[in-house]
>>> print(open('structure-v4.pdb').read())   # PDB, C-alpha atoms and all ligand atoms
MODEL        1
ATOM      1  CA  MET N   2       0.000   0.000   0.000  1.00  0.00           C
ATOM      2  CA  GLU N   3       2.718   2.380   1.035  1.00  0.00           C
ATOM      3  CA  TYR N   4       4.669   1.427  -2.038  1.00  0.00           C
ATOM      4  CA  ILE N   5       1.724   2.232  -4.326  1.00  0.00           C
ATOM      5  CA  GLU N   6       1.232   5.610  -2.632  1.00  0.00           C
ATOM      6  CA  GLU N   7       4.906   6.426  -3.148  1.00  0.00           C
ATOM      7  CA  LYS N   8       4.734   5.423  -6.744  1.00  0.00           C
ATOM      8  CA  LYS N   9       1.653   7.553  -7.300  1.00  0.00           C
ATOM      9  CA  MET N  10       3.313  10.532  -5.646  1.00  0.00           C
ATOM     10  CA  ALA N  11       6.439  10.062  -7.724  1.00  0.00           C
ATOM     11  CA  HIS N  12       4.263   9.900 -10.791  1.00  0.00           C
ATOM     12  CA  GLU N  13       2.454  13.095  -9.837  1.00  0.00           C
ATOM     13  CA  SER N  14       5.631  14.991  -9.111  1.00  0.00           C
ATOM     14  CA  GLY N  15       6.930  13.771 -12.484  1.00  0.00           C
ATOM     15  CA  ASN N  16       3.814  15.201 -14.058  1.00  0.00           C
ATOM     16  CA  ASN N  17       4.416  18.480 -12.242  1.00  0.00           C
ATOM     17  CA  ASN N  18       7.978  18.625 -13.535  1.00  0.00           C
ATOM     18  CA  TYR N  19       6.731  17.950 -17.017  1.00  0.00           C
ATOM     19  CA  ARG N  20       4.160  20.733 -16.704  1.00  0.00           C
ATOM     20  CA  LYS N  21       6.839  23.105 -15.435  1.00  0.00           C
ATOM     21  CA  ILE N  22       9.164  22.301 -18.320  1.00  0.00           C
ATOM     22  CA  ALA N  23       6.309  22.648 -20.800  1.00  0.00           C
ATOM     23  CA  PHE N  24       5.332  25.982 -19.249  1.00  0.00           C
ATOM     24  CA  TYR N  25       8.849  27.400 -19.482  1.00  0.00           C
ATOM     25  CA  ALA N  26       9.287  26.035 -22.987  1.00  0.00           C
ATOM     26  CA  VAL N  27       6.111  27.767 -24.152  1.00  0.00           C
ATOM     27  CA  LEU N  28       7.157  30.938 -22.325  1.00  0.00           C
ATOM     28  CA  ALA N  29      10.601  30.850 -23.992  1.00  0.00           C
ATOM     29  CA  VAL N  30       9.031  30.375 -27.422  1.00  0.00           C
ATOM     30  CA  LEU N  31       6.646  33.283 -26.815  1.00  0.00           C
ATOM     31  CA  ILE N  32       9.532  35.510 -25.696  1.00  0.00           C
ATOM     32  CA  ILE N  33      11.542  34.532 -28.791  1.00  0.00           C
ATOM     33  CA  ILE N  34       8.558  35.248 -31.058  1.00  0.00           C
ATOM     34  CA  PHE N  35       7.996  38.610 -29.367  1.00  0.00           C
ATOM     35  CA  LEU N  36      11.668  39.691 -29.542  1.00  0.00           C
ATOM     36  CA  GLN N  37      11.876  38.655 -33.180  1.00  0.00           C
ATOM     37  CA  TRP N  38       8.613  40.408 -34.090  1.00  0.00           C
ATOM     38  CA  LYS N  39       9.422  43.589 -32.191  1.00  0.00           C
ATOM     39  CA  TYR N  40      13.193  43.956 -32.563  1.00  0.00           C
ATOM     40  CA  GLN N  41      14.322  41.355 -35.134  1.00  0.00           C
ATOM     41  CA  VAL N  42      16.812  40.073 -32.569  1.00  0.00           C
ATOM     42  CA  PHE N  43      17.359  36.632 -34.037  1.00  0.00           C
ATOM     43  CA  PHE N  44      16.827  37.093 -37.721  1.00  0.00           C
ATOM     44  CA  SER N  45      16.519  40.148 -39.913  1.00  0.00           C
ATOM     45  CA  PRO N  46      16.524  40.081 -43.694  1.00  0.00           C
ATOM     46  CA  ASP N  47      18.869  43.092 -43.584  1.00  0.00           C
ATOM     47  CA  LYS N  48      21.016  42.008 -40.639  1.00  0.00           C
ATOM     48  CA  GLU N  49      23.575  39.992 -42.583  1.00  0.00           C
ATOM     49  CA  CYS N  50      23.574  42.448 -45.472  1.00  0.00           C
ATOM     50  CA  LEU N  51      24.288  45.344 -43.127  1.00  0.00           C
ATOM     51  CA  SER N  52      26.974  43.693 -41.034  1.00  0.00           C
ATOM     52  CA  ILE N  53      28.977  41.693 -43.565  1.00  0.00           C
ATOM     53  CA  ASP N  54      32.151  43.081 -45.130  1.00  0.00           C
ATOM     54  CA  GLY N  55      31.147  44.920 -48.323  1.00  0.00           C
ATOM     55  CA  SER N  56      33.446  42.778 -50.450  1.00  0.00           C
ATOM     56  CA  LYS N  57      31.969  39.514 -49.139  1.00  0.00           C
ATOM     57  CA  LEU N  58      28.275  40.085 -49.738  1.00  0.00           C
ATOM     58  CA  MET N  59      26.907  37.641 -52.315  1.00  0.00           C
ATOM     59  CA  LEU N  60      23.629  38.052 -54.170  1.00  0.00           C
ATOM     60  CA  GLU N  61      20.949  35.417 -53.994  1.00  0.00           C
ATOM     61  CA  SER N  62      19.515  34.685 -57.419  1.00  0.00           C
ATOM     62  CA  HIS N  63      15.949  35.517 -56.404  1.00  0.00           C
ATOM     63  CA  GLY N  64      16.714  37.893 -53.551  1.00  0.00           C
ATOM     64  CA  LYS N  65      15.097  41.307 -53.492  1.00  0.00           C
ATOM     65  CA  ILE N  66      17.367  44.183 -54.479  1.00  0.00           C
ATOM     66  CA  LYS N  67      16.953  47.396 -52.503  1.00  0.00           C
ATOM     67  CA  MET N  68      20.080  49.121 -53.773  1.00  0.00           C
ATOM     68  CA  HIS N  69      21.451  49.312 -57.296  1.00  0.00           C
ATOM     69  CA  ILE N  70      24.060  51.924 -58.220  1.00  0.00           C
ATOM     70  CA  HIS N  71      26.540  52.345 -61.056  1.00  0.00           C
ATOM     71  CA  PRO N  72      29.681  54.309 -60.293  1.00  0.00           C
ATOM     72  CA  GLU N  73      32.272  54.415 -63.070  1.00  0.00           C
ATOM     73  CA  LEU N  74      35.951  53.710 -62.682  1.00  0.00           C
ATOM     74  CA  LYS N  75      38.899  54.585 -64.903  1.00  0.00           C
ATOM     75  CA  ILE N  76      42.476  53.642 -64.102  1.00  0.00           C
ATOM     76  CA  LYS N  77      45.295  55.350 -65.916  1.00  0.00           C
ATOM     77  CA  ILE N  78      48.845  54.118 -65.379  1.00  0.00           C
ATOM     78  CA  ASN N  79      51.642  56.154 -66.970  1.00  0.00           C
ATOM     79  CA  GLY N  80      49.234  57.624 -69.498  1.00  0.00           C
ATOM     80  CA  LYS N  81      47.689  54.304 -70.478  1.00  0.00           C
ATOM     81  CA  ASN N  82      44.095  53.288 -69.715  1.00  0.00           C
ATOM     82  CA  ILE N  83      43.907  49.953 -67.900  1.00  0.00           C
ATOM     83  CA  GLU N  84      41.159  47.601 -68.962  1.00  0.00           C
ATOM     84  CA  ILE N  85      39.071  46.517 -65.984  1.00  0.00           C
ATOM     85  CA  PRO N  86      37.849  42.923 -66.490  1.00  0.00           C
ATOM     86  CA  ALA N  87      34.113  42.410 -67.055  1.00  0.00           C
ATOM     87  CA  SER N  88      34.278  39.244 -64.958  1.00  0.00           C
ATOM     88  CA  ILE N  89      35.014  40.915 -61.621  1.00  0.00           C
ATOM     89  CA  GLY N  90      32.642  39.645 -58.922  1.00  0.00           C
ATOM     90  CA  ILE N  91      31.155  36.896 -61.079  1.00  0.00           C
ATOM     91  CA  THR N  92      32.056  33.266 -60.416  1.00  0.00           C
ATOM     92  CA  ASN N  93      30.546  29.833 -61.047  1.00  0.00           C
ATOM     93  CA  THR N  94      29.111  29.829 -57.568  1.00  0.00           C
ATOM     94  CA  GLY N  95      27.411  33.213 -57.702  1.00  0.00           C
ATOM     95  CA  MET N  96      27.591  36.942 -58.032  1.00  0.00           C
ATOM     96  CA  ASN N  97      29.122  39.361 -55.607  1.00  0.00           C
ATOM     97  CA  ALA N  98      27.106  42.464 -54.652  1.00  0.00           C
ATOM     98  CA  ILE N  99      29.927  44.401 -56.353  1.00  0.00           C
ATOM     99  CA  HIS N 100      30.477  43.203 -59.899  1.00  0.00           C
ATOM    100  CA  MET N 101      31.094  44.163 -63.500  1.00  0.00           C
ATOM    101  CA  HIS N 102      29.212  43.212 -66.645  1.00  0.00           C
ATOM    102  CA  THR N 103      31.069  45.164 -69.300  1.00  0.00           C
ATOM    103  CA  LEU N 104      34.497  46.553 -70.100  1.00  0.00           C
ATOM    104  CA  ASP N 105      33.417  50.187 -69.858  1.00  0.00           C
ATOM    105  CA  GLY N 106      34.397  50.551 -66.199  1.00  0.00           C
ATOM    106  CA  VAL N 107      30.818  50.641 -64.897  1.00  0.00           C
ATOM    107  CA  ILE N 108      30.759  49.046 -61.463  1.00  0.00           C
ATOM    108  CA  HIS N 109      27.465  47.415 -60.550  1.00  0.00           C
ATOM    109  CA  VAL N 110      26.608  47.516 -56.872  1.00  0.00           C
ATOM    110  CA  GLU N 111      23.442  45.608 -56.085  1.00  0.00           C
ATOM    111  CA  ALA N 112      22.378  44.704 -52.583  1.00  0.00           C
ATOM    112  CA  PRO N 113      19.347  43.438 -50.679  1.00  0.00           C
ATOM    113  CA  CYS N 114      19.747  46.380 -48.269  1.00  0.00           C
ATOM    114  CA  VAL N 115      20.853  49.998 -48.598  1.00  0.00           C
ATOM    115  CA  ARG N 116      24.345  50.331 -47.174  1.00  0.00           C
ATOM    116  CA  ASP N 117      27.802  51.702 -47.898  1.00  0.00           C
ATOM    117  CA  PHE N 118      30.273  50.008 -50.182  1.00  0.00           C
ATOM    118  CA  THR N 119      33.746  51.456 -50.627  1.00  0.00           C
ATOM    119  CA  LEU N 120      36.122  51.584 -53.549  1.00  0.00           C
ATOM    120  CA  GLY N 121      38.369  49.410 -51.375  1.00  0.00           C
ATOM    121  CA  ASP N 122      35.596  46.775 -51.341  1.00  0.00           C
ATOM    122  CA  PHE N 123      35.637  46.788 -55.149  1.00  0.00           C
ATOM    123  CA  PHE N 124      39.411  46.217 -55.255  1.00  0.00           C
ATOM    124  CA  GLU N 125      39.026  43.495 -52.630  1.00  0.00           C
ATOM    125  CA  VAL N 126      36.530  41.695 -54.885  1.00  0.00           C
ATOM    126  CA  TRP N 127      38.889  42.183 -57.828  1.00  0.00           C
ATOM    127  CA  GLY N 128      41.779  40.896 -55.751  1.00  0.00           C
ATOM    128  CA  LYS N 129      44.048  43.859 -56.540  1.00  0.00           C
ATOM    129  CA  SER N 130      45.833  46.440 -54.410  1.00  0.00           C
ATOM    130  CA  PHE N 131      44.587  49.966 -53.984  1.00  0.00           C
ATOM    131  CA  ASP N 132      45.238  52.636 -51.378  1.00  0.00           C
ATOM    132  CA  SER N 133      46.916  56.040 -51.288  1.00  0.00           C
ATOM    133  CA  GLU N 134      50.271  54.462 -52.190  1.00  0.00           C
ATOM    134  CA  HIS N 135      49.350  51.463 -54.321  1.00  0.00           C
ATOM    135  CA  ILE N 136      47.404  50.802 -57.478  1.00  0.00           C
ATOM    136  CA  LEU N 137      47.474  47.290 -58.951  1.00  0.00           C
ATOM    137  CA  GLU N 138      51.159  46.332 -58.935  1.00  0.00           C
ATOM    138  CA  HIS N 139      52.415  49.923 -58.823  1.00  0.00           C
ATOM    139  CA  THR N 140      53.713  51.750 -55.762  1.00  0.00           C
ATOM    140  CA  VAL N 141      54.144  55.459 -55.167  1.00  0.00           C
ATOM    141  CA  ASN N 142      57.780  56.570 -55.158  1.00  0.00           C
ATOM    142  CA  GLU N 143      59.963  59.669 -55.781  1.00  0.00           C
ATOM    143  CA  THR N 144      59.119  59.731 -59.466  1.00  0.00           C
ATOM    144  CA  SER N 145      55.600  58.327 -59.596  1.00  0.00           C
ATOM    145  CA  LYS N 146      52.591  59.784 -57.842  1.00  0.00           C
ATOM    146  CA  LEU N 147      49.067  58.531 -57.347  1.00  0.00           C
ATOM    147  CA  LYS N 148      45.955  60.660 -57.378  1.00  0.00           C
ATOM    148  CA  MET N 149      42.254  60.060 -57.465  1.00  0.00           C
ATOM    149  CA  LEU N 150      39.611  62.259 -59.057  1.00  0.00           C
ATOM    150  CA  VAL N 151      35.913  61.941 -58.266  1.00  0.00           C
ATOM    151  CA  ASN N 152      33.738  63.781 -60.764  1.00  0.00           C
ATOM    152  CA  GLY N 153      36.819  65.737 -61.823  1.00  0.00           C
ATOM    153  CA  ARG N 154      37.807  66.784 -58.324  1.00  0.00           C
ATOM    154  CA  GLU N 155      40.813  65.510 -56.450  1.00  0.00           C
ATOM    155  CA  ASN N 156      39.809  63.259 -53.570  1.00  0.00           C
ATOM    156  CA  ASN N 157      41.992  61.842 -50.794  1.00  0.00           C
ATOM    157  CA  GLU N 158      39.699  59.124 -49.532  1.00  0.00           C
ATOM    158  CA  PHE N 159      41.169  56.508 -51.879  1.00  0.00           C
ATOM    159  CA  GLU N 160      40.092  53.004 -50.741  1.00  0.00           C
ATOM    160  CA  ARG N 161      37.746  54.525 -48.167  1.00  0.00           C
ATOM    161  CA  LEU N 162      35.690  56.329 -50.816  1.00  0.00           C
ATOM    162  CA  VAL N 163      32.038  55.368 -50.483  1.00  0.00           C
ATOM    163  CA  LEU N 164      30.645  54.413 -53.890  1.00  0.00           C
ATOM    164  CA  LYS N 165      27.783  56.563 -55.166  1.00  0.00           C
ATOM    165  CA  ASP N 166      25.563  56.245 -58.202  1.00  0.00           C
ATOM    166  CA  LYS N 167      27.054  57.697 -61.397  1.00  0.00           C
ATOM    167  CA  ASP N 168      30.204  58.936 -59.652  1.00  0.00           C
ATOM    168  CA  GLU N 169      33.055  59.135 -62.141  1.00  0.00           C
ATOM    169  CA  ILE N 170      36.164  57.919 -60.394  1.00  0.00           C
ATOM    170  CA  GLU N 171      39.567  58.235 -61.960  1.00  0.00           C
ATOM    171  CA  ILE N 172      42.729  56.758 -60.493  1.00  0.00           C
ATOM    172  CA  ILE N 173      45.846  58.172 -62.080  1.00  0.00           C
ATOM    173  CA  TYR N 174      49.353  56.901 -61.514  1.00  0.00           C
ATOM    174  CA  GLU N 175      52.163  58.675 -63.309  1.00  0.00           C
TER
HETATM  175 ZN    ZN K 201      23.723  47.113 -62.431  1.00  0.00          ZN
ENDMDL
END
>>> encode(input="structure-v4.pdb", output="structure tokens", more="lines below")
Ligand SMILES: [Zn+2]
Amino acid sequence: MEYIEEKKMAHESGNNNYRKIAFYAVLAVLIIIFLQWKYQVFFSPDKECLSIDGSKLMLESHGKIKMHIHPELKIKINGKNIEIPASIGITNTGMNAIHMHTLDGVIHVEAPCVRDFTLGDFFEVWGKSFDSEHILEHTVNETSKLKMLVNGRENNEFERLVLKDKDEIEIIYE
């Protein structure tokens, strides 16, 4: 008799534990749903797009595009125009947010969120050097200088320049 009572009690306290766990589980789920709905704590469609390095953002084939700009880039080394490959940012596995389609120097920047991309991000995607002292395989020295023009005006931001629609960027090394 005593044994049965004990067993019953154990069973009931087991039930209570189960109810407690279920209660907290439901509460946790509700809190998660609320935080996500109110503050997008766990997942935001823009979160990754906003936080990832500008050169590493890849486009999903059917993803929505919220940003699409076309700055233009010319590179002149010792008086000669350098051809910028049309394949930059395009691989078998996908397309980078920063990419080219043509040989006319038009940079395509397409992203699922509106954010900053820099000229340095473009060179990162290309896999070439660029800063105030380097352009491609060339380095500034006593005889050769590097300057950058944005819409005809000299600009000292170099790789930190934030890309803007229809900006005409010229990098001149001579
Ligand atoms: Zn485009």
>>> closest_residue(input="structure-v4.pdb", among="N:Val163, N:Met68, N:Leu74, N:Leu120", to="ligand ZN 201 (chain K)", atoms="all atoms listed in the file")
N:Met68
>>> atom_distance(input="structure-v4.pdb", atom1="atom CA of N:Lys21", atom2="atom CA of N:Ile33")
18.2 Å
>>> residues_near_ligand(input="structure-v4.pdb", ligand="ligand ZN 201 (chain K)", cutoff="9 Å", atoms="all atoms listed in the file", output="list in words")
His69, Ile70, His71, His100, Met101, His102, Val107, Ile108, His109, Val110 and Glu111 of chain N
>>> write_last_selection(input="structure-v4.pdb", atoms="C-alpha atoms", output="PDB file, in the frame of the given file")
ATOM      1  CA  HIS N  69      21.451  49.312 -57.296  1.00  0.00           C
ATOM      2  CA  ILE N  70      24.060  51.924 -58.220  1.00  0.00           C
ATOM      3  CA  HIS N  71      26.540  52.345 -61.056  1.00  0.00           C
ATOM      4  CA  HIS N 100      30.477  43.203 -59.899  1.00  0.00           C
ATOM      5  CA  MET N 101      31.094  44.163 -63.500  1.00  0.00           C
ATOM      6  CA  HIS N 102      29.212  43.212 -66.645  1.00  0.00           C
ATOM      7  CA  VAL N 107      30.818  50.641 -64.897  1.00  0.00           C
ATOM      8  CA  ILE N 108      30.759  49.046 -61.463  1.00  0.00           C
ATOM      9  CA  HIS N 109      27.465  47.415 -60.550  1.00  0.00           C
ATOM     10  CA  VAL N 110      26.608  47.516 -56.872  1.00  0.00           C
ATOM     11  CA  GLU N 111      23.442  45.608 -56.085  1.00  0.00           C
TER      12      GLU N 111
END
>>> resolve_selection(input="structure-v4.pdb", expression="the PyMOL selection byres (((chain N and resi 112) around 9) and not hetatm)", output="JSON, numbers by chain")
{"N": [50, 58, 59, 60, 64, 65, 66, 67, 68, 69, 98, 99, 110, 111, 113, 114, 115, 116]}
>>> write_last_selection(input="structure-v4.pdb", atoms="C-alpha atoms", output="short mmCIF file (atom, residue, chain, number, x, y, z; two decimals), in the coordinates of the input")
data_model
loop_
_atom_site.label_atom_id
_atom_site.label_comp_id
_atom_site.auth_asym_id
_atom_site.auth_seq_id
_atom_site.Cartn_x
_atom_site.Cartn_y
_atom_site.Cartn_z
CA CYS N 50 23.57 42.45 -45.47
CA LEU N 58 28.28 40.08 -49.74
CA MET N 59 26.91 37.64 -52.32
CA LEU N 60 23.63 38.05 -54.17
CA GLY N 64 16.71 37.89 -53.55
CA LYS N 65 15.10 41.31 -53.49
CA ILE N 66 17.37 44.18 -54.48
CA LYS N 67 16.95 47.40 -52.50
CA MET N 68 20.08 49.12 -53.77
CA HIS N 69 21.45 49.31 -57.30
CA ALA N 98 27.11 42.46 -54.65
CA ILE N 99 29.93 44.40 -56.35
CA VAL N 110 26.61 47.52 -56.87
CA GLU N 111 23.44 45.61 -56.08
CA PRO N 113 19.35 43.44 -50.68
CA CYS N 114 19.75 46.38 -48.27
CA VAL N 115 20.85 50.00 -48.60
CA ARG N 116 24.34 50.33 -47.17
#
>>> resolve_selection(input="structure-v4.pdb", expression="the PyMOL selection byres (((chain N and resi 125-139) around 6) and not hetatm)", output="number ranges by chain")
N: 56, 89-90, 122-124, 140-141, 159-160
>>> closest_residue(input="structure-v4.pdb", among="N:Leu147, N:Ile170, N:Ile53, N:Met96", to="N:Ile78", atoms="all atoms listed in the file")
N:Leu147
>>> resolve_selection(input="structure-v4.pdb", expression="the PyMOL selection byres (((chain N and resi 169) around 7) and not hetatm)", output="PyMOL selection string")
chain N and resi 72-74+151-152+167-168+170-171
>>> axis_aligned_box(input="structure-v4.pdb", around="stretch 45-56 of chain N", padding_each_side="6 Å", output="JSON")
{"center_x": 25.0, "center_y": 42.7, "center_z": -45.2, "size_x": 28.9, "size_y": 17.4, "size_z": 22.5}
>>> atom_distance(input="structure-v4.pdb", atom1="atom CA of N:Ser88", atom2="atom CA of N:Leu162")
22.2 Å
>>> atom_distance(input="structure-v4.pdb", atom1="atom CA of N:Tyr174", atom2="atom CA of N:Asn157")
13.9 Å
>>> closest_residue(input="structure-v4.pdb", among="N:Ile85, N:Val42, N:Met149, N:Ile34", to="N:Glu175", atoms="only C-alpha atoms")
N:Met149
>>> closest_residue(input="structure-v4.pdb", among="N:Thr103, N:Asn142, N:Asn97, N:Asn18", to="N:Gly55", atoms="all atoms listed in the file")
N:Asn97
>>> build_atoms(input="structure-v4.pdb", residues="stretch 63-78 of chain N", atoms="N, CA and C atoms", output="short mmCIF file (atom, residue, chain, number, x, y, z; two decimals), in the coordinates of the input")
data_model
loop_
_atom_site.label_atom_id
_atom_site.label_comp_id
_atom_site.auth_asym_id
_atom_site.auth_seq_id
_atom_site.Cartn_x
_atom_site.Cartn_y
_atom_site.Cartn_z
N HIS N 63 17.30 34.98 -56.40
CA HIS N 63 15.95 35.52 -56.40
C HIS N 63 15.72 36.50 -55.26
N GLY N 64 16.82 36.94 -54.66
CA GLY N 64 16.71 37.89 -53.55
C GLY N 64 16.24 39.25 -54.04
N LYS N 65 15.55 39.95 -53.16
CA LYS N 65 15.10 41.31 -53.49
C LYS N 65 16.27 42.27 -53.46
N ILE N 66 16.30 43.18 -54.42
CA ILE N 66 17.37 44.18 -54.48
C ILE N 66 16.80 45.53 -54.04
N LYS N 67 17.42 46.09 -52.99
CA LYS N 67 16.95 47.40 -52.50
C LYS N 67 17.90 48.51 -52.92
N MET N 68 19.06 48.13 -53.41
CA MET N 68 20.08 49.12 -53.77
C MET N 68 20.71 48.70 -55.09
N HIS N 69 20.83 49.63 -56.02
CA HIS N 69 21.45 49.31 -57.30
C HIS N 69 22.07 50.60 -57.85
N ILE N 70 23.38 50.71 -57.76
CA ILE N 70 24.06 51.92 -58.22
C ILE N 70 25.16 51.57 -59.22
N HIS N 71 25.54 52.56 -60.00
CA HIS N 71 26.54 52.34 -61.06
C HIS N 71 27.60 53.44 -61.09
N PRO N 72 28.54 53.40 -60.17
CA PRO N 72 29.68 54.31 -60.29
C PRO N 72 30.59 53.84 -61.44
N GLU N 73 31.37 54.77 -61.97
CA GLU N 73 32.27 54.42 -63.07
C GLU N 73 33.71 54.60 -62.66
N LEU N 74 34.54 53.67 -63.07
CA LEU N 74 35.95 53.71 -62.68
C LEU N 74 36.86 53.68 -63.90
N LYS N 75 37.84 54.61 -63.89
CA LYS N 75 38.90 54.58 -64.90
C LYS N 75 40.23 54.53 -64.16
N ILE N 76 41.13 53.72 -64.69
CA ILE N 76 42.48 53.64 -64.10
C ILE N 76 43.47 53.96 -65.19
N LYS N 77 44.29 54.95 -64.94
CA LYS N 77 45.30 55.35 -65.92
C LYS N 77 46.68 55.20 -65.29
N ILE N 78 47.49 54.35 -65.90
CA ILE N 78 48.84 54.12 -65.38
C ILE N 78 49.83 54.63 -66.44
#
